[in-house]
Amino acid sequence: MKTSTKKYIATFILVSTILPKIVLAQKNLPVPFLSQVPDGKWVEPWANACEETSTAMIDFFYQGYANNTIDIQRAKKKILDIVYMEDIYFGWNKDTNAKQMADIINFYFPWEAFIVKNPTLTQLKHEIDVGHPIILPVQGRDLHNAYYKAELIDYHVIVISGYDDEKKEFITQDPATPNGLDYHYTYDTIMTAMHDFLPNDKTYKGTKLAVFTTPNLVKTKNSDTDKDGLTKIDEINYGTSLWSKDTDGDGYNDGQEVQNGYSPTVSETKLKSGDLIKTAHKPDVYVLENGKIRKISSMTIFNMHGWDETQIFVISDKFFEKYIIGDVIGYVKNLYSGIVPSNWAETTGSDSGS
Ligand SMILES: [Ca+2]
Ligand SMILES: [Ca+2]
Ligand SMILES: [Ca+2]
């Protein structure tokens with residue numbers, strides 16, 4: 001082998017082995033940051049909502065939301081939903097430990113959580129490398145965060161979203177301060193502060209563990225925590241709630257509706273005049289009017305009425321078939337302005353096809 005060829009190979013090996021390490025030295029997953037006090041007021045349930053807020057951040061992450069795109073109302077609703085899940089499952093919501101957080105996730109969320117005791121630095125970083133943020137219970141005062149309120153010095157929960165090998169720091173989403181977005185703590189600080197909850201200010205003696213997460217459903221896909229006859233994977237496919245038996249609130253359980261061919265997400269019995277409907281398999285949109293349904297002849301007519309696609313209810317074929325079909329909503333001629341939409345009887349059903 002020629003010397004120049006050897007040099008080339010040596011350089012190639014050097015570059016290809018060192019370069020990936022340099023690139024991986026810093027990594028941060030786009031977990032959207034949420035404050036546990038969305039309104040800035042340290043009152044219940046928010047003052048004790050670090051566990052729920054950490055879970056909510058990771059849920060938004062697995063739903064594909066990037067950094068900083070969650071509005072306050074949406075954040076509040078998600079956190080309150082989790083408080084409600086804890087109330088219905090445990091009968092209380094304050095200070096949930098690692099196992100209880102993992103249980104709530106595994107019961108009610110479309111992703112999974114599992115506890116790893118005494119995780120090493122390498123294990124924690126590996127989770128970030130594979131795209132899985134971590135929920136970390138800590139002894140709050142060990143984080144030495146100057147922004148904290150005094151009452152947070154015992155049990156606290158944060159999200160590890162990234163790491164920086166050059167600075168030897170974890171990048172976290174810390175819900176206890178408005179400055180918690182991408183908050184850096186040293187590796188040593190995190191490894192020291194890591195403790196599961198123990199009551200009576202004893203968290204510093206709690207087990208060292210972390211709650212790892214994964215979007216892959218393995219253990220829980222066939223579970224039916226809300227006991228409505230639909231498994232977790234069914235509920236995800238039908239878009240129904242994992243923690244409510246009756247997603248659309250019409251008095252019929254999700255499983256019962258699916259089994260009988262009705263929509264579990266649209267309260268079909270409560271549809272009223274003016275509502276827009278369609279079925280899942282056909283593009284035609286209809287407006288409900290005095291118990292009859294009238295087809296909207298084109299997108300132009302739809303837009304001229306000021307309707308919006310988000311207003312359309314996708315109903316079951318079975319319920320659709322119960323309706324009497326009325327006149328099409330099409331064009332009417334207007335001598336002065338040309339063509340205007342009509343919502344009333346003299347329509348012809350003609351369609352420009354536009
Ligand atoms: Ca279910
Ligand atoms: Ca359900
Ligand atoms: Ca229902």
# chains A, B, ... in the order shown; residues from 1 in each chain; ligands from 1
>>> residues_around(residues="Met194 (chain A)", least_positions_apart="3", cutoff="9 Å", atoms="only C-alpha atoms", output="list of chain:residue names")
A:Leu136, A:Pro137, A:Val138, A:Gln139, A:Gly140, A:Asp142, A:Thr189, A:Ile190, A:Met191, A:Tyr204, A:Gly206, A:Thr207, A:Lys208, A:Leu209, A:Ala210
>>> residues_near_ligand(ligand="ligand 3", cutoff="8 Å", atoms="only C-alpha atoms and all ligand atoms", output="PyMOL selection string")
chain A and resi 245-254+256-257+263-267
>>> write_last_selection(atoms="C-alpha atoms", output="PDB file, in the first residue's frame")
ATOM      1  CA  LYS A 245     -65.508   6.056  29.649  1.00  0.00           C
ATOM      2  CA  ASP A 246     -67.727   8.420  27.694  1.00  0.00           C
ATOM      3  CA  THR A 247     -65.540  10.737  25.618  1.00  0.00           C
ATOM      4  CA  ASP A 248     -68.376  12.653  23.941  1.00  0.00           C
ATOM      5  CA  GLY A 249     -70.543  12.803  27.046  1.00  0.00           C
ATOM      6  CA  ASP A 250     -73.691  11.433  25.437  1.00  0.00           C
ATOM      7  CA  GLY A 251     -74.335   8.792  28.089  1.00  0.00           C
ATOM      8  CA  TYR A 252     -73.000   5.850  26.047  1.00  0.00           C
ATOM      9  CA  ASN A 253     -69.583   4.320  26.810  1.00  0.00           C
ATOM     10  CA  ASP A 254     -66.813   4.532  24.182  1.00  0.00           C
ATOM     11  CA  GLN A 256     -70.501   0.477  23.527  1.00  0.00           C
ATOM     12  CA  GLU A 257     -70.644   3.112  20.775  1.00  0.00           C
ATOM     13  CA  SER A 263     -69.183   7.648  16.880  1.00  0.00           C
ATOM     14  CA  PRO A 264     -67.586   7.673  20.350  1.00  0.00           C
ATOM     15  CA  THR A 265     -66.228  11.207  19.826  1.00  0.00           C
ATOM     16  CA  VAL A 266     -69.279  13.055  18.476  1.00  0.00           C
ATOM     17  CA  SER A 267     -72.384  13.315  20.611  1.00  0.00           C
TER      18      SER A 267
END
>>> residues_near_ligand(ligand="ligand 2", cutoff="9 Å", atoms="only C-alpha atoms and all ligand atoms", output="PyMOL selection string")
chain A and resi 224-232+235+240-247+253-255+264
>>> residues_around(residues="Asn28 (chain A)", least_positions_apart="2", cutoff="8 Å", atoms="only C-alpha atoms", output="PyMOL selection string")
chain A and resi 26+30+128+161-163+171
>>> write_last_selection(atoms="N, CA and C atoms", output="short mmCIF file (atom, residue, chain, number, x, y, z; two decimals), in the first residue's frame")
data_model
loop_
_atom_site.label_atom_id
_atom_site.label_comp_id
_atom_site.auth_asym_id
_atom_site.auth_seq_id
_atom_site.Cartn_x
_atom_site.Cartn_y
_atom_site.Cartn_z
N GLN A 26 -23.32 17.71 22.68
CA GLN A 26 -24.46 18.43 23.23
C GLN A 26 -25.72 18.01 22.50
N PRO A 30 -36.56 18.78 21.90
CA PRO A 30 -37.45 19.96 21.93
C PRO A 30 -38.70 19.74 22.80
N ILE A 128 -31.55 10.27 26.30
CA ILE A 128 -31.63 11.49 25.48
C ILE A 128 -31.20 11.17 24.05
N SER A 161 -34.10 16.94 29.53
CA SER A 161 -34.35 16.92 28.09
C SER A 161 -33.05 16.83 27.29
N GLY A 162 -31.90 17.09 27.94
CA GLY A 162 -30.67 17.08 27.16
C GLY A 162 -29.44 17.05 28.04
N TYR A 163 -28.29 17.11 27.39
CA TYR A 163 -27.03 17.15 28.13
C TYR A 163 -25.96 17.86 27.31
N ILE A 171 -29.34 19.38 30.62
CA ILE A 171 -30.27 20.45 30.25
C ILE A 171 -31.65 19.98 30.70
#
>>> select_by_dssp(residues="region 44-184 of chain A", states="alpha helix (DSSP H)", output="PyMOL selection string")
chain A and resi 50-62+72-90+98-108+121-129
>>> write_last_selection(atoms="N, CA and C atoms", output="compact mmCIF listing (two decimals), in the first residue's frame")
# COMPACT_ATOMS: atom_id res chain seq x y z
N CYS A 50 -45.64 20.03 40.26
CA CYS A 50 -44.41 19.78 39.49
C CYS A 50 -44.46 18.42 38.80
N GLU A 51 -45.05 17.41 39.48
CA GLU A 51 -45.13 16.07 38.87
C GLU A 51 -46.02 16.10 37.63
N GLU A 52 -47.20 16.72 37.80
CA GLU A 52 -48.17 16.77 36.70
C GLU A 52 -47.63 17.60 35.54
N THR A 53 -46.94 18.71 35.88
CA THR A 53 -46.42 19.58 34.82
C THR A 53 -45.29 18.88 34.05
N SER A 54 -44.45 18.12 34.76
CA SER A 54 -43.38 17.38 34.08
C SER A 54 -43.99 16.33 33.14
N THR A 55 -45.02 15.64 33.61
CA THR A 55 -45.71 14.66 32.76
C THR A 55 -46.34 15.36 31.55
N ALA A 56 -46.96 16.51 31.80
CA ALA A 56 -47.62 17.25 30.70
C ALA A 56 -46.61 17.68 29.64
N MET A 57 -45.42 18.14 30.07
CA MET A 57 -44.40 18.57 29.10
C MET A 57 -44.03 17.40 28.17
N ILE A 58 -43.83 16.23 28.78
CA ILE A 58 -43.41 15.08 27.97
C ILE A 58 -44.56 14.60 27.08
N ASP A 59 -45.78 14.73 27.58
CA ASP A 59 -46.92 14.37 26.73
C ASP A 59 -46.98 15.29 25.50
N PHE A 60 -46.82 16.58 25.72
CA PHE A 60 -46.80 17.51 24.57
C PHE A 60 -45.64 17.16 23.62
N PHE A 61 -44.49 16.81 24.19
CA PHE A 61 -43.34 16.42 23.36
C PHE A 61 -43.69 15.22 22.48
N TYR A 62 -44.25 14.18 23.08
CA TYR A 62 -44.57 12.98 22.29
C TYR A 62 -45.71 13.24 21.30
N ILE A 72 -51.19 29.14 27.46
CA ILE A 72 -51.45 28.96 28.88
C ILE A 72 -52.72 28.13 29.15
N GLN A 73 -53.78 28.42 28.41
CA GLN A 73 -55.04 27.70 28.65
C GLN A 73 -54.87 26.20 28.40
N ARG A 74 -54.16 25.89 27.34
CA ARG A 74 -53.94 24.50 26.98
C ARG A 74 -53.07 23.79 28.03
N ALA A 75 -52.04 24.50 28.49
CA ALA A 75 -51.17 23.96 29.53
C ALA A 75 -51.97 23.70 30.80
N LYS A 76 -52.79 24.68 31.19
CA LYS A 76 -53.58 24.53 32.41
C LYS A 76 -54.53 23.34 32.32
N LYS A 77 -55.17 23.20 31.16
CA LYS A 77 -56.12 22.10 31.00
C LYS A 77 -55.42 20.75 31.15
N LYS A 78 -54.25 20.63 30.52
CA LYS A 78 -53.52 19.35 30.58
C LYS A 78 -53.11 19.03 32.03
N ILE A 79 -52.59 20.04 32.73
CA ILE A 79 -52.15 19.82 34.11
C ILE A 79 -53.36 19.44 34.98
N LEU A 80 -54.46 20.14 34.79
CA LEU A 80 -55.67 19.84 35.59
C LEU A 80 -56.24 18.46 35.25
N ASP A 81 -56.13 18.07 33.98
CA ASP A 81 -56.57 16.72 33.60
C ASP A 81 -55.78 15.68 34.41
N ILE A 82 -54.48 15.91 34.55
CA ILE A 82 -53.64 14.93 35.27
C ILE A 82 -53.99 14.94 36.76
N VAL A 83 -54.23 16.12 37.32
CA VAL A 83 -54.68 16.20 38.72
C VAL A 83 -55.97 15.39 38.88
N TYR A 84 -56.87 15.53 37.91
CA TYR A 84 -58.15 14.81 37.95
C TYR A 84 -57.92 13.29 37.87
N MET A 85 -56.99 12.88 36.97
CA MET A 85 -56.69 11.43 36.85
C MET A 85 -56.21 10.89 38.19
N GLU A 86 -55.35 11.66 38.88
CA GLU A 86 -54.84 11.22 40.19
C GLU A 86 -55.96 11.15 41.20
N ASP A 87 -56.85 12.15 41.15
CA ASP A 87 -57.98 12.14 42.08
C ASP A 87 -58.86 10.91 41.87
N ILE A 88 -59.13 10.56 40.59
CA ILE A 88 -60.01 9.41 40.39
C ILE A 88 -59.26 8.10 40.68
N TYR A 89 -57.96 8.07 40.45
CA TYR A 89 -57.27 6.79 40.67
C TYR A 89 -56.80 6.60 42.11
N PHE A 90 -56.19 7.65 42.68
CA PHE A 90 -55.63 7.52 44.04
C PHE A 90 -56.55 8.11 45.11
N ALA A 98 -42.43 8.37 42.32
CA ALA A 98 -42.08 7.90 40.97
C ALA A 98 -43.03 6.82 40.48
N LYS A 99 -43.33 5.86 41.35
CA LYS A 99 -44.20 4.76 40.93
C LYS A 99 -45.59 5.27 40.57
N GLN A 100 -46.08 6.21 41.38
CA GLN A 100 -47.42 6.75 41.10
C GLN A 100 -47.43 7.57 39.81
N MET A 101 -46.35 8.33 39.56
CA MET A 101 -46.27 9.07 38.28
C MET A 101 -46.26 8.09 37.11
N ALA A 102 -45.44 7.04 37.24
CA ALA A 102 -45.37 6.04 36.15
C ALA A 102 -46.72 5.35 35.96
N ASP A 103 -47.41 5.06 37.07
CA ASP A 103 -48.73 4.43 36.97
C ASP A 103 -49.70 5.30 36.19
N ILE A 104 -49.76 6.58 36.56
CA ILE A 104 -50.70 7.49 35.89
C ILE A 104 -50.39 7.53 34.38
N ILE A 105 -49.10 7.60 34.04
CA ILE A 105 -48.72 7.62 32.62
C ILE A 105 -49.15 6.32 31.94
N ASN A 106 -48.83 5.19 32.58
CA ASN A 106 -49.15 3.91 31.94
C ASN A 106 -50.66 3.65 31.86
N PHE A 107 -51.40 4.19 32.82
CA PHE A 107 -52.86 4.01 32.79
C PHE A 107 -53.52 4.88 31.74
N TYR A 108 -53.06 6.14 31.65
CA TYR A 108 -53.89 7.13 30.97
C TYR A 108 -53.23 7.85 29.80
N LEU A 121 -24.86 7.87 34.77
CA LEU A 121 -24.79 9.01 33.86
C LEU A 121 -24.95 8.55 32.41
N THR A 122 -24.27 7.44 32.08
CA THR A 122 -24.34 6.90 30.72
C THR A 122 -25.77 6.50 30.36
N GLN A 123 -26.46 5.88 31.29
CA GLN A 123 -27.86 5.48 31.02
C GLN A 123 -28.75 6.70 30.78
N LEU A 124 -28.58 7.71 31.61
CA LEU A 124 -29.41 8.92 31.46
C LEU A 124 -29.15 9.57 30.11
N LYS A 125 -27.87 9.69 29.74
CA LYS A 125 -27.53 10.32 28.46
C LYS A 125 -28.02 9.47 27.28
N HIS A 126 -27.96 8.16 27.45
CA HIS A 126 -28.44 7.27 26.39
C HIS A 126 -29.92 7.51 26.08
N GLU A 127 -30.71 7.74 27.13
CA GLU A 127 -32.14 8.00 26.90
C GLU A 127 -32.34 9.24 26.04
N ILE A 128 -31.55 10.27 26.30
CA ILE A 128 -31.63 11.49 25.48
C ILE A 128 -31.20 11.17 24.05
N ASP A 129 -30.13 10.38 23.91
CA ASP A 129 -29.65 10.02 22.57
C ASP A 129 -30.73 9.31 21.75
>>> decode(residues="region 131-175 of chain A", atoms="N, CA and C atoms", output="mmCIF file, in the first residue's frame")
data_model
loop_
_atom_site.group_PDB
_atom_site.id
_atom_site.type_symbol
_atom_site.label_atom_id
_atom_site.label_comp_id
_atom_site.auth_asym_id
_atom_site.auth_seq_id
_atom_site.Cartn_x
_atom_site.Cartn_y
_atom_site.Cartn_z
ATOM 1 N N GLY A 131 -33.898 9.804 22.120
ATOM 2 C CA GLY A 131 -35.076 10.677 21.956
ATOM 3 C C GLY A 131 -36.130 10.554 23.029
ATOM 4 N N HIS A 132 -35.745 10.063 24.220
ATOM 5 C CA HIS A 132 -36.719 9.866 25.288
ATOM 6 C C HIS A 132 -36.409 10.759 26.486
ATOM 7 N N PRO A 133 -37.191 11.820 26.708
ATOM 8 C CA PRO A 133 -36.962 12.650 27.894
ATOM 9 C C PRO A 133 -37.249 11.868 29.178
ATOM 10 N N ILE A 134 -36.662 12.346 30.277
ATOM 11 C CA ILE A 134 -36.721 11.620 31.554
ATOM 12 C C ILE A 134 -37.417 12.483 32.599
ATOM 13 N N ILE A 135 -38.238 11.832 33.431
ATOM 14 C CA ILE A 135 -38.826 12.524 34.583
ATOM 15 C C ILE A 135 -37.943 12.207 35.781
ATOM 16 N N LEU A 136 -37.494 13.268 36.473
ATOM 17 C CA LEU A 136 -36.561 13.043 37.566
ATOM 18 C C LEU A 136 -37.098 13.596 38.890
ATOM 19 N N PRO A 137 -37.361 12.694 39.868
ATOM 20 C CA PRO A 137 -37.708 13.171 41.204
ATOM 21 C C PRO A 137 -36.437 13.577 41.940
ATOM 22 N N VAL A 138 -36.482 14.705 42.630
ATOM 23 C CA VAL A 138 -35.271 15.207 43.293
ATOM 24 C C VAL A 138 -35.585 15.759 44.680
ATOM 25 N N GLN A 139 -34.520 15.845 45.460
ATOM 26 C CA GLN A 139 -34.546 16.635 46.691
ATOM 27 C C GLN A 139 -34.272 18.072 46.239
ATOM 28 N N GLY A 140 -35.311 18.907 46.282
ATOM 29 C CA GLY A 140 -35.229 20.243 45.687
ATOM 30 C C GLY A 140 -34.072 21.090 46.169
ATOM 31 N N ARG A 141 -33.797 21.026 47.474
ATOM 32 C CA ARG A 141 -32.775 21.952 47.988
ATOM 33 C C ARG A 141 -31.384 21.599 47.470
ATOM 34 N N ASP A 142 -31.188 20.341 47.057
ATOM 35 C CA ASP A 142 -29.894 19.942 46.496
ATOM 36 C C ASP A 142 -29.625 20.545 45.113
ATOM 37 N N LEU A 143 -30.667 21.102 44.485
ATOM 38 C CA LEU A 143 -30.448 21.717 43.169
ATOM 39 C C LEU A 143 -29.852 23.123 43.299
ATOM 40 N N HIS A 144 -29.971 23.705 44.483
ATOM 41 C CA HIS A 144 -29.400 25.034 44.755
ATOM 42 C C HIS A 144 -29.814 26.051 43.700
ATOM 43 N N ASN A 145 -31.093 26.046 43.402
ATOM 44 C CA ASN A 145 -31.606 26.977 42.394
ATOM 45 C C ASN A 145 -32.094 28.246 43.090
ATOM 46 N N ALA A 146 -31.432 29.345 42.806
ATOM 47 C CA ALA A 146 -31.717 30.607 43.514
ATOM 48 C C ALA A 146 -33.114 31.148 43.216
ATOM 49 N N TYR A 147 -33.729 30.662 42.140
ATOM 50 C CA TYR A 147 -35.064 31.156 41.783
ATOM 51 C C TYR A 147 -36.182 30.481 42.583
ATOM 52 N N TYR A 148 -35.861 29.409 43.310
ATOM 53 C CA TYR A 148 -36.927 28.638 43.963
ATOM 54 C C TYR A 148 -37.595 29.383 45.102
ATOM 55 N N LYS A 149 -38.874 29.080 45.249
ATOM 56 C CA LYS A 149 -39.614 29.513 46.428
ATOM 57 C C LYS A 149 -39.200 28.607 47.595
ATOM 58 N N ALA A 150 -39.285 29.118 48.782
ATOM 59 C CA ALA A 150 -38.843 28.376 49.959
ATOM 60 C C ALA A 150 -39.527 27.023 50.114
ATOM 61 N N GLU A 151 -40.842 26.970 49.760
ATOM 62 C CA GLU A 151 -41.590 25.728 50.015
ATOM 63 C C GLU A 151 -41.161 24.575 49.116
ATOM 64 N N LEU A 152 -40.285 24.851 48.153
ATOM 65 C CA LEU A 152 -39.875 23.804 47.217
ATOM 66 C C LEU A 152 -38.619 23.060 47.649
ATOM 67 N N ILE A 153 -38.136 23.345 48.839
ATOM 68 C CA ILE A 153 -36.832 22.791 49.174
ATOM 69 C C ILE A 153 -36.848 21.281 49.396
ATOM 70 N N ASP A 154 -38.010 20.689 49.636
ATOM 71 C CA ASP A 154 -37.995 19.227 49.771
ATOM 72 C C ASP A 154 -38.256 18.569 48.412
ATOM 73 N N TYR A 155 -39.397 17.915 48.265
ATOM 74 C CA TYR A 155 -39.628 17.121 47.049
ATOM 75 C C TYR A 155 -39.908 18.001 45.833
ATOM 76 N N HIS A 156 -39.258 17.629 44.709
ATOM 77 C CA HIS A 156 -39.504 18.349 43.468
ATOM 78 C C HIS A 156 -39.305 17.380 42.298
ATOM 79 N N VAL A 157 -39.888 17.732 41.149
ATOM 80 C CA VAL A 157 -39.763 16.890 39.955
ATOM 81 C C VAL A 157 -39.441 17.777 38.760
ATOM 82 N N ILE A 158 -38.461 17.349 37.960
ATOM 83 C CA ILE A 158 -38.077 18.091 36.749
ATOM 84 C C ILE A 158 -37.982 17.125 35.564
ATOM 85 N N VAL A 159 -37.827 17.689 34.383
ATOM 86 C CA VAL A 159 -37.644 16.881 33.169
ATOM 87 C C VAL A 159 -36.196 17.055 32.695
ATOM 88 N N ILE A 160 -35.525 15.937 32.441
ATOM 89 C CA ILE A 160 -34.216 16.022 31.778
ATOM 90 C C ILE A 160 -34.468 15.890 30.277
ATOM 91 N N SER A 161 -34.103 16.937 29.531
ATOM 92 C CA SER A 161 -34.348 16.916 28.086
ATOM 93 C C SER A 161 -33.053 16.834 27.285
ATOM 94 N N GLY A 162 -31.904 17.091 27.939
ATOM 95 C CA GLY A 162 -30.668 17.083 27.158
ATOM 96 C C GLY A 162 -29.435 17.055 28.037
ATOM 97 N N TYR A 163 -28.287 17.111 27.389
ATOM 98 C CA TYR A 163 -27.031 17.151 28.132
ATOM 99 C C TYR A 163 -25.962 17.856 27.312
ATOM 100 N N ASP A 164 -24.951 18.305 28.006
ATOM 101 C CA ASP A 164 -23.837 18.993 27.359
ATOM 102 C C ASP A 164 -22.550 18.413 27.946
ATOM 103 N N ASP A 165 -21.926 17.535 27.177
ATOM 104 C CA ASP A 165 -20.747 16.828 27.685
ATOM 105 C C ASP A 165 -19.561 17.751 27.903
ATOM 106 N N GLU A 166 -19.478 18.808 27.107
ATOM 107 C CA GLU A 166 -18.342 19.712 27.288
ATOM 108 C C GLU A 166 -18.393 20.418 28.630
ATOM 109 N N LYS A 167 -19.608 20.870 29.003
ATOM 110 C CA LYS A 167 -19.745 21.579 30.284
ATOM 111 C C LYS A 167 -20.069 20.622 31.430
ATOM 112 N N LYS A 168 -20.311 19.331 31.097
ATOM 113 C CA LYS A 168 -20.734 18.340 32.079
ATOM 114 C C LYS A 168 -22.007 18.782 32.799
ATOM 115 N N GLU A 169 -23.007 19.141 31.965
ATOM 116 C CA GLU A 169 -24.289 19.610 32.504
ATOM 117 C C GLU A 169 -25.459 18.901 31.839
ATOM 118 N N PHE A 170 -26.503 18.673 32.632
ATOM 119 C CA PHE A 170 -27.782 18.262 32.052
ATOM 120 C C PHE A 170 -28.571 19.504 31.691
ATOM 121 N N ILE A 171 -29.339 19.385 30.620
ATOM 122 C CA ILE A 171 -30.268 20.455 30.254
ATOM 123 C C ILE A 171 -31.652 19.975 30.697
ATOM 124 N N THR A 172 -32.324 20.791 31.482
ATOM 125 C CA THR A 172 -33.603 20.357 32.059
ATOM 126 C C THR A 172 -34.707 21.351 31.740
ATOM 127 N N GLN A 173 -35.943 20.894 31.926
ATOM 128 C CA GLN A 173 -37.113 21.770 31.910
ATOM 129 C C GLN A 173 -37.619 21.735 33.345
ATOM 130 N N ASP A 174 -37.383 22.827 34.062
ATOM 131 C CA ASP A 174 -37.709 22.860 35.489
ATOM 132 C C ASP A 174 -38.975 23.693 35.712
ATOM 133 N N PRO A 175 -40.094 23.029 36.030
ATOM 134 C CA PRO A 175 -41.380 23.731 36.076
ATOM 135 C C PRO A 175 -41.533 24.709 37.235
#
